[in-house]
Structures are given as structure tokens and as C-alpha cells.
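S.K.: Sharing protein_20.cif, mmCIF, C-alpha atoms:
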data_query
loop_
_atom_site.label_atom_id
_atom_site.label_comp_id
_atom_site.auth_asym_id
_atom_site.auth_seq_id
_atom_site.Cartn_x
_atom_site.Cartn_y
_atom_site.Cartn_z
CA MET U 264 81.19 77.38 64.55
CA GLN U 265 80.91 75.66 67.94
CA LYS U 266 84.40 74.15 67.55
CA LYS U 267 85.91 77.60 66.92
CA LYS U 268 84.13 78.94 69.98
CA ASN U 269 85.42 76.05 72.08
CA LYS U 270 88.97 76.67 70.86
CA LYS U 271 88.72 80.33 71.87
CA VAL U 272 87.46 79.39 75.32
CA ILE U 273 90.29 76.90 75.79
CA LEU U 274 92.83 79.46 74.61
CA PHE U 275 91.37 82.05 76.98
CA LEU U 276 91.66 79.61 79.87
CA LEU U 277 95.20 78.60 78.99
CA LEU U 278 96.62 82.12 78.68
CA PRO U 279 96.78 82.80 82.45
CA VAL U 280 98.40 79.41 82.99
CA ALA U 281 101.00 80.09 80.34
CA ALA U 282 101.68 83.54 81.80
CA ALA U 283 102.12 82.04 85.26
CA VAL U 284 104.52 79.39 83.94
CA LEU U 285 106.59 82.05 82.14
CA PHE U 286 106.66 84.26 85.24
CA LEU U 287 107.75 81.42 87.52
CA SER U 288 110.36 80.37 84.98
CA TYR U 289 111.68 83.95 84.88
CA THR U 290 111.83 84.38 88.65
CA GLY U 291 113.23 80.89 89.14
CA ARG U 292 116.46 81.96 87.45
CA TYR U 293 118.22 84.23 89.89
CA TYR U 294 121.66 85.19 91.20
CA ARG U 295 122.68 83.07 94.16
CA ALA U 296 124.84 84.00 97.11
CA ASP U 297 128.41 82.74 96.68
CA ASP U 298 130.82 81.23 99.20
CA ALA U 299 131.99 84.62 100.47
CA ALA U 300 128.38 85.60 101.19
CA ARG U 301 127.68 82.33 102.96
CA MET U 302 130.73 82.86 105.16
CA ALA U 303 129.55 86.40 106.01
CA MET U 304 126.23 84.95 107.18
CA GLU U 305 128.08 83.39 110.11
CA PRO U 306 127.86 85.43 113.34
CA ASP U 307 131.01 86.46 115.16
CA ALA U 308 132.07 88.27 118.32
CA ALA U 309 130.96 91.64 116.93
CA VAL U 310 127.83 90.80 114.93
CA LEU U 311 124.92 88.52 115.84
CA ILE U 312 122.85 87.38 112.86
CA THR U 313 119.29 86.26 113.56
CA LYS U 314 116.75 84.74 111.17
CA THR U 315 113.42 86.57 111.45
CA ASP U 316 109.96 86.52 109.88
CA TYR U 317 110.97 89.35 107.53
CA GLY U 318 114.45 88.02 106.69
CA PHE U 319 117.58 88.49 108.80
CA PHE U 320 118.76 90.92 111.48
CA PHE U 321 122.44 91.89 111.61
CA ASP U 322 122.92 93.09 115.17
CA GLY U 323 126.20 94.85 115.87
CA PRO U 324 127.32 97.18 118.67
CA SER U 325 125.00 100.03 117.66
CA GLU U 326 122.01 100.93 119.80
CA GLU U 327 121.13 104.00 117.73
CA ASN U 328 121.00 103.37 113.97
CA THR U 329 119.21 100.72 111.93
CA LEU U 330 119.05 100.30 108.15
CA ILE U 331 116.25 98.42 106.40
CA PHE U 332 117.79 96.88 103.27
CA TYR U 333 115.87 95.81 100.14
CA PRO U 334 117.86 93.39 97.89
CA GLY U 335 118.26 93.80 94.15
CA GLY U 336 115.88 92.09 91.76
CA LYS U 337 116.39 88.35 91.25
CA VAL U 338 119.25 88.30 93.74
CA GLU U 339 119.31 85.96 96.72
CA GLU U 340 119.06 88.24 99.75
CA THR U 341 121.97 86.62 101.60
CA ALA U 342 124.28 87.69 98.77
CA TYR U 343 124.51 91.04 100.55
CA ALA U 344 125.87 89.51 103.76
CA PRO U 345 129.47 90.82 103.33
CA LEU U 346 128.18 94.39 103.01
CA LEU U 347 125.60 94.14 105.79
CA HIS U 348 127.94 92.31 108.17
CA GLY U 349 130.44 95.11 107.63
CA LEU U 350 127.85 97.80 108.29
CA ALA U 351 126.71 96.12 111.51
CA ARG U 352 130.29 95.74 112.69
CA GLU U 353 130.90 99.46 112.11
CA GLY U 354 127.81 100.65 113.98
CA VAL U 355 124.77 100.36 111.71
CA ASP U 356 122.45 97.45 112.49
CA VAL U 357 120.73 96.06 109.41
CA CYS U 358 117.35 94.44 108.77
CA LEU U 359 117.76 92.42 105.58
CA VAL U 360 114.38 91.94 103.94
CA LYS U 361 113.52 88.73 102.10
CA MET U 362 111.25 89.52 99.16
CA PRO U 363 108.68 87.22 97.49
CA LEU U 364 110.37 85.50 94.54
CA ARG U 365 113.32 87.89 95.12
CA ILE U 366 111.40 90.78 93.50
CA ALA U 367 111.05 93.85 95.72
CA PHE U 368 108.03 95.36 93.96
CA LEU U 369 105.99 92.30 94.95
CA SER U 370 106.12 93.54 98.56
CA PRO U 371 107.08 97.25 98.59
CA ASP U 372 105.68 97.79 102.11
CA LYS U 373 107.75 95.02 103.71
CA ALA U 374 109.54 97.67 105.78
CA ALA U 375 106.35 98.12 107.80
CA ALA U 376 106.61 94.51 108.97
CA VAL U 377 110.21 95.16 110.02
CA MET U 378 109.33 98.24 112.04
CA ARG U 379 106.56 96.42 113.86
CA VAL U 380 108.97 93.92 115.38
CA GLN U 381 112.23 95.91 115.61
CA SER U 382 112.77 99.21 117.39
CA SER U 383 115.39 101.87 116.73
CA PRO U 384 115.91 105.53 117.65
CA HIS U 385 117.00 106.24 114.07
CA TRP U 386 115.72 104.39 111.04
CA TYR U 387 117.21 104.42 107.54
CA ILE U 388 116.06 102.59 104.44
CA GLY U 389 117.65 101.70 101.14
CA GLY U 390 118.75 98.95 98.85
CA HIS U 391 120.58 97.80 95.77
CA SER U 392 119.33 98.32 92.22
CA LEU U 393 115.58 97.52 92.07
CA GLY U 394 115.58 97.18 95.86
CA GLY U 395 116.69 100.77 96.33
CA ALA U 396 114.10 102.06 93.90
CA VAL U 397 111.28 100.20 95.66
CA ALA U 398 112.57 101.26 99.08
CA SER U 399 112.23 104.87 97.95
CA VAL U 400 108.52 104.32 97.31
CA PHE U 401 108.00 103.26 100.92
CA ALA U 402 110.18 106.12 102.19
CA ALA U 403 108.23 108.67 100.13
CA SER U 404 104.98 107.59 101.78
CA HIS U 405 106.54 107.53 105.28
CA PRO U 406 108.97 110.49 105.26
CA ASP U 407 108.76 111.11 109.01
CA ALA U 408 109.78 107.54 109.80
CA PHE U 409 113.31 107.78 108.38
CA ASP U 410 116.46 109.83 108.80
CA GLY U 411 117.72 109.04 105.32
CA VAL U 412 117.54 106.89 102.20
CA PHE U 413 120.44 105.01 100.59
CA PHE U 414 120.67 104.04 96.92
CA LEU U 415 123.29 101.53 95.78
CA ALA U 416 123.44 101.51 91.97
CA SER U 417 119.86 102.75 92.13
CA TYR U 418 117.63 105.82 92.03
CA PRO U 419 114.31 107.05 93.46
CA MET U 420 110.93 106.30 91.91
CA LYS U 421 109.00 108.83 94.02
CA ASP U 422 109.57 112.39 95.19
CA LEU U 423 111.26 112.17 98.60
CA GLY U 424 110.55 115.80 99.49
CA GLU U 425 112.88 118.17 101.30
CA SER U 426 113.03 116.41 104.64
CA LEU U 427 114.70 113.14 103.58
CA PRO U 428 118.46 113.14 102.97
CA ALA U 429 119.58 110.82 100.18
CA ILE U 430 122.90 109.10 99.57
CA LEU U 431 123.56 107.68 96.10
CA ILE U 432 126.52 105.31 95.66
CA ASN U 433 127.46 104.06 92.20
CA GLY U 434 130.31 102.27 90.49
CA SER U 435 132.31 103.81 87.66
CA GLU U 436 132.18 100.51 85.71
CA ASP U 437 128.46 99.84 86.22
CA GLU U 438 126.85 99.06 82.86
CA VAL U 439 123.55 97.77 84.28
CA LEU U 440 122.36 101.05 85.80
CA ASP U 441 120.20 103.08 83.40
CA ARG U 442 122.18 106.33 83.42
CA GLU U 443 119.51 108.34 81.61
CA ARG U 444 116.76 107.38 84.06
CA TYR U 445 119.19 107.89 86.93
CA SER U 446 119.86 111.49 85.84
CA GLU U 447 116.16 112.19 85.36
CA SER U 448 115.36 110.78 88.80
CA LEU U 449 117.57 113.31 90.56
CA GLU U 450 114.73 115.81 90.07
CA LEU U 451 112.82 113.78 92.69
CA LEU U 452 115.44 114.65 95.32
CA SER U 453 115.10 118.13 96.76
CA GLY U 454 116.55 117.57 100.22
CA ASP U 455 120.16 116.98 101.25
CA VAL U 456 121.64 114.85 98.45
CA LYS U 457 125.13 113.37 98.23
CA GLU U 458 126.46 111.33 95.31
CA TYR U 459 129.47 109.03 95.42
CA VAL U 460 131.17 107.17 92.60
CA ILE U 461 133.45 104.30 93.59
CA GLN U 462 136.18 104.10 91.00
CA GLY U 463 136.62 100.64 89.52
CA ALA U 464 133.35 99.35 90.99
CA ASN U 465 130.57 97.74 88.98
CA HIS U 466 126.91 96.88 89.58
CA ALA U 467 127.08 93.36 90.97
CA GLN U 468 129.84 93.78 93.53
CA PHE U 469 127.62 95.60 96.03
CA GLY U 470 126.55 92.03 96.62
CA SER U 471 128.48 88.79 96.45
CA TYR U 472 126.82 86.69 93.76
CA GLY U 473 129.27 86.63 90.88
CA ALA U 474 129.07 88.36 87.53
CA GLN U 475 125.81 89.90 86.35
CA LYS U 476 124.66 89.85 82.74
CA GLY U 477 125.38 93.12 80.97
CA ASP U 478 127.57 94.49 83.72
CA GLY U 479 130.94 96.15 83.28
CA LYS U 480 134.17 94.54 84.45
CA ALA U 481 135.27 95.82 87.85
CA SER U 482 138.91 96.77 88.37
CA ILE U 483 138.61 96.40 92.15
CA THR U 484 137.58 93.36 94.15
CA MET U 485 134.20 92.78 95.74
CA GLU U 486 135.87 93.15 99.15
CA GLU U 487 137.28 96.56 98.20
CA GLN U 488 133.94 97.74 96.82
CA VAL U 489 132.14 96.60 99.97
CA GLN U 490 134.71 98.26 102.24
CA GLN U 491 134.32 101.59 100.46
CA THR U 492 130.54 101.32 100.58
CA VAL U 493 130.60 100.56 104.31
CA ARG U 494 132.79 103.61 104.89
CA ILE U 495 130.51 105.92 102.90
CA VAL U 496 127.33 104.70 104.59
CA THR U 497 128.68 104.74 108.13
CA GLU U 498 130.22 108.20 107.73
CA ALA U 499 126.95 109.52 106.33
CA ILE U 500 125.00 108.16 109.30
CA GLN U 501 127.44 108.91 112.09
#
Could you write out this file's structure as C-alpha cells?

M.R.:
Amino acid sequence: MQKKKNKKVILFLLLPVAAAVLFLSYTGRYYRADDAARMAMEPDAAVLITKTDYGFFFDGPSEENTLIFYPGGKVEETAYAPLLHGLAREGVDVCLVKMPLRIAFLSPDKAAAVMRVQSSPHWYIGGHSLGGAVASVFAASHPDAFDGVFFLASYPMKDLGESLPAILINGSEDEVLDRERYSESLELLSGDVKEYVIQGANHAQFGSYGAQKGDGKASITMEEQVQQTVRIVTEAIQ
């Protein structure tokens, strides 16, 4: 009887350890920034890129508009450098947030840390995939802080109310995005809402980290998808 009891105690003690090992194993496998992303992390004459406590700041010619960007789940944050470098060059500074273990829901309020150290007349928030969904949670609880929310292959998790404009940008070949949940989530958007579908684009090419499991095959390049996304975002803001 005592031996059975001891086995149960040992099993009870080992379960959290096993769960932790599985979780770390899961988060340890992630999509890494590729060579194009690493090149885009280099500053140039138009964009200064600074490492910060919250991640990275892409500082272009704008003095008016700043976007807080949450990366997709299990994606190295610097994989979005081509997109964010392009945005900064075209007049939207970007605060790229580095998430714990590359999972945005582990630090949904990270935007608060950004806004404590950066200043901007006009703040926007958004992200890719899981990052966009988690960004919407912060935006919903701070609606007066932002002029708009951007969703790249993503959708809101909370009601954004009537005061927050929302821009949703998706790819026609995206097979990772849950289309049913996406459609249902539109009920959470009652303000100014604009949807864009980039023809030939898929889920992964909003970043630069290679192919993503379960995704559709894009018929345009990552560079083309990024260029179209930059145009949509900058036109929406300016």
C-alpha cells in the first residue's frame, strides 16, 4: 500500500517537470529569420535600427506615426525586418516587440513597455498571425491610446468598439489562417473596417523565414508580398 502511495507521489511530482520539458521542446522549435531578413536588419541612410529593451526600433523619416508590431507565434522577431524596414522607410516608424519564447500571449501587455520609453503623436498596433490577435487584446483594453489596429493574416480576439479603425490584410493562398474563426471574428469590429486580399500571397511571406507547415504555395515572391503590404499600411495611415 505504501509503495503505491509513493509511486503516486513521485508521479505527481514528475508531471510538472514533464509538462515543462514538453513546453520547452515545443517552443524551442521555431521559424528563424533567413538571409533576407538579416540583411534588412542592417540600418541604411533612410532607416536607423536600434536594439532596445523591448526589441528593436525601426526609425525612419516619420515624426508622426509609430506602429507597435507583435510577431507571429514561434517566429523569430527579426524575420519581419524586410516588412518593418520598408514601413519605416515609407513614413511609419516601427517598434518590433520581442516576445518570451516567441509566443505573444506570454506577454500580451508588452506594448505598455514600448509606450513608456518611446513617444509618438499617433500610435498604431498590430501584428502577424497570433501576434495580431494578441495585439488586439491590448488595443481593446486601451482604445484611446491608438489610432488603428492592423491584422496581417490575423483577426481580433476582443471587441475593439466603434472608435478603433481596423485594417485586415490577408493572402489569397494562405492555408494557415482559420477562415471560419476569421469570419466569426469580424463581429468584434464595429468601427471603420477595411479588408485587403493580396492575390498570390500566403501566410508566411509577411515575414521572411521560409515555408511554414500547412501553408499554401505563394505565386508571388516575399518581396512582392511585403511591398504590397507596405503600400496598404502606409496608405491607410497617411

S.K.: At a cut-off of 8 Å, using only C-alpha atoms, what residues contact Ala402 of chain U? Leave out same-chain residues fewer than 3 positions from it and give the result as a list in words.

M.R.: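 Neighbouring residues, sequence-local ones excluded: Ile388, Ala398, Ser399, His405, Pro406, Ala408, Phe409, Val412 and Leu423 of chain U.
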
S.K.: Which one is closest to Asp316 of chain U: U:Ala396, U:Ile461, U:Ala481, U:Ala374? Count all atoms listed in the file.

M.R.: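 With all atoms listed in the file as the atom set, the closest residue is U:Ala374.
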
S.K.: Step by step, work through what the PyMOL selection byres ((chain U and resi 297-303) around 6) selects in the shown file, and finish by giving those residues as a PyMOL selection string.

M.R.: chain U and resi 296+304-305+342+344-345+471-472

S.K.: For each of U:Ala464, U:Ala474, U:Val380, U:Val496, take the minimum atom-to-atom distance to Asn433 of chain U, counting all atoms listed in the file, then give the residue where this is smallest.

M.R.: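 Selected residue with least distance to Asn433 of chain U: U:Ala464.
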
S.K.: Which polymer residues, whether protein, DNA or RNA, lie within 10 Å of the coordinate (129.1, 92.2, 87.5) when you count all atoms listed in the file? List them as a ChimeraX atom specification, using the chain letters and numbers from the file.

M.R.: /U:436-439,464-481,485

S.K.: Excluding same-chain residues fewer than 4 positions from Phe319 of chain U, what lies within 7 Å of it counting only C-alpha atoms, as a PDB file with C-alpha atoms, in the frame of the given file?

M.R.:
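The new file out_38.pdb reads:
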ATOM      1  CA  ILE U 312     122.850  87.380 112.860  1.00  0.00           C
ATOM      2  CA  THR U 313     119.290  86.260 113.560  1.00  0.00           C
ATOM      3  CA  LYS U 314     116.750  84.740 111.170  1.00  0.00           C
ATOM      4  CA  THR U 315     113.420  86.570 111.450  1.00  0.00           C
ATOM      5  CA  CYS U 358     117.350  94.440 108.770  1.00  0.00           C
ATOM      6  CA  LEU U 359     117.760  92.420 105.580  1.00  0.00           C
ATOM      7  CA  VAL U 360     114.380  91.940 103.940  1.00  0.00           C
TER       8      VAL U 360
END

S.K.: Tell me, counting only C-alpha atoms, for each residue of segment 348-420 of chain U within 6 Å of segment 325-332 of chain U, which pair of atoms is nearest and how far apart they are in Å to one decimal, in rows ordered by chain and increasing number, as a Markdown table.

M.R.:
| residue | atom | partner | partner_atom | distance |
| --- | --- | --- | --- | --- |
| U:Gly354 | CA | U:Ser325 | CA | 4.7 |
| U:Val355 | CA | U:Asn328 | CA | 5.3 |
| U:Asp356 | CA | U:Thr329 | CA | 4.6 |
| U:Val357 | CA | U:Leu330 | CA | 4.7 |
| U:Cys358 | CA | U:Ile331 | CA | 4.8 |
| U:Leu359 | CA | U:Phe332 | CA | 5.0 |
| U:Pro384 | CA | U:Glu327 | CA | 5.4 |
| U:His385 | CA | U:Asn328 | CA | 4.9 |
| U:Trp386 | CA | U:Thr329 | CA | 5.1 |
| U:Tyr387 | CA | U:Leu330 | CA | 4.6 |
| U:Ile388 | CA | U:Ile331 | CA | 4.6 |
| U:Gly389 | CA | U:Phe332 | CA | 5.3 |
| U:Gly390 | CA | U:Phe332 | CA | 5.0 |

S.K.: Taking C-alpha atoms for each residue, export the selection above as a tab-separated table (two decimals), in the coordinates of the input.

M.R.:
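Output file out.tsv follows:
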chain	number	residue	atom	x	y	z
U	354	GLY	CA	127.81	100.65	113.98
U	355	VAL	CA	124.77	100.36	111.71
U	356	ASP	CA	122.45	97.45	112.49
U	357	VAL	CA	120.73	96.06	109.41
U	358	CYS	CA	117.35	94.44	108.77
U	359	LEU	CA	117.76	92.42	105.58
U	384	PRO	CA	115.91	105.53	117.65
U	385	HIS	CA	117.00	106.24	114.07
U	386	TRP	CA	115.72	104.39	111.04
U	387	TYR	CA	117.21	104.42	107.54
U	388	ILE	CA	116.06	102.59	104.44
U	389	GLY	CA	117.65	101.70	101.14
U	390	GLY	CA	118.75	98.95	98.85

S.K.: Pick out the closest residue to Val400 of chain U from this set: U:Gln491, U:Ser482, U:Ser435, U:Ser370. Count only C-alpha atoms.

M.R.: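 Smallest separation from Val400 of chain U among the options: U:Ser370.
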
S.K.: Nearest to Lys337 of chain U: which of U:Gly394, U:Ser382, U:Asp372, U:Phe321 is it, counting only C-alpha atoms?

M.R.: U:Gly394

S.K.: Env of Glu450 of chain U: 12 Å cut, atoms = all atoms listed in the file, seq-sep filter 4 positions within chain, self excluded. Answer as a ChimeraX atom specification.

M.R.: /U:418-425,444-446,454,456

S.K.: Please, what is the axis-aligned box for every listed atom of segment 328-344 of chain U with 8 Å on each side, as centre and edge lengths in Å to one decimal, as AutoDock Vina command-line options?

M.R.:
--center_x 120.9 --center_y 94.7 --center_z 102.6 --size_x 26.0 --size_y 33.4 --size_z 38.7

S.K.: Just give me the gap between atom CA of Tyr294 of chain U and atom CA of His348 of chain U in Å, one decimal is fine.

M.R.: 19.4 Å

S.K.: Taking the file as I've supplied it (selection: the PyMOL selection byres ((chain U and resi 363) around 12)), which residues are included? Please answer as a list in words.

M.R.: Leu287, Thr290, Gly291, Tyr317, Gly318, Tyr333, Pro334, Gly336, Lys337, Val338, Glu339, Glu340, Val360, Lys361, Met362, Leu364, Arg365, Ile366, Ala367, Phe368, Leu369, Ser370, Pro371, Asp372 and Lys373 of chain U

S.K.: Selected residues, C-alpha atoms, written as a CSV table (one decimal), in the frame of the given file, please.

M.R.:
chain,number,residue,atom,x,y,z
U,287,LEU,CA,107.8,81.4,87.5
U,290,THR,CA,111.8,84.4,88.6
U,291,GLY,CA,113.2,80.9,89.1
U,317,TYR,CA,111.0,89.4,107.5
U,318,GLY,CA,114.4,88.0,106.7
U,333,TYR,CA,115.9,95.8,100.1
U,334,PRO,CA,117.9,93.4,97.9
U,336,GLY,CA,115.9,92.1,91.8
U,337,LYS,CA,116.4,88.4,91.2
U,338,VAL,CA,119.2,88.3,93.7
U,339,GLU,CA,119.3,86.0,96.7
U,340,GLU,CA,119.1,88.2,99.8
U,360,VAL,CA,114.4,91.9,103.9
U,361,LYS,CA,113.5,88.7,102.1
U,362,MET,CA,111.2,89.5,99.2
U,364,LEU,CA,110.4,85.5,94.5
U,365,ARG,CA,113.3,87.9,95.1
U,366,ILE,CA,111.4,90.8,93.5
U,367,ALA,CA,111.0,93.8,95.7
U,368,PHE,CA,108.0,95.4,94.0
U,369,LEU,CA,106.0,92.3,95.0
U,370,SER,CA,106.1,93.5,98.6
U,371,PRO,CA,107.1,97.2,98.6
U,372,ASP,CA,105.7,97.8,102.1
U,373,LYS,CA,107.8,95.0,103.7

S.K.: Take atom CA of Arg352 of chain U and atom CA of Asp322 of chain U and report the distance between them in Å, one decimal.

M.R.: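 Those two atoms sit 8.2 Å apart.
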
S.K.: Mind pulling up the distance from atom CA of Leu347 of chain U to atom CA of Leu311 of chain U?

M.R.: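 Taking atom CA of Leu311 of chain U and atom CA of Leu347 of chain U, their separation equals 11.5 Å.
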
S.K.: Between U:Val310, U:Ser383, U:Pro428, U:Gly463, which is the closest to Ile500 of chain U once you count all atoms listed in the file?

M.R.: U:Pro428
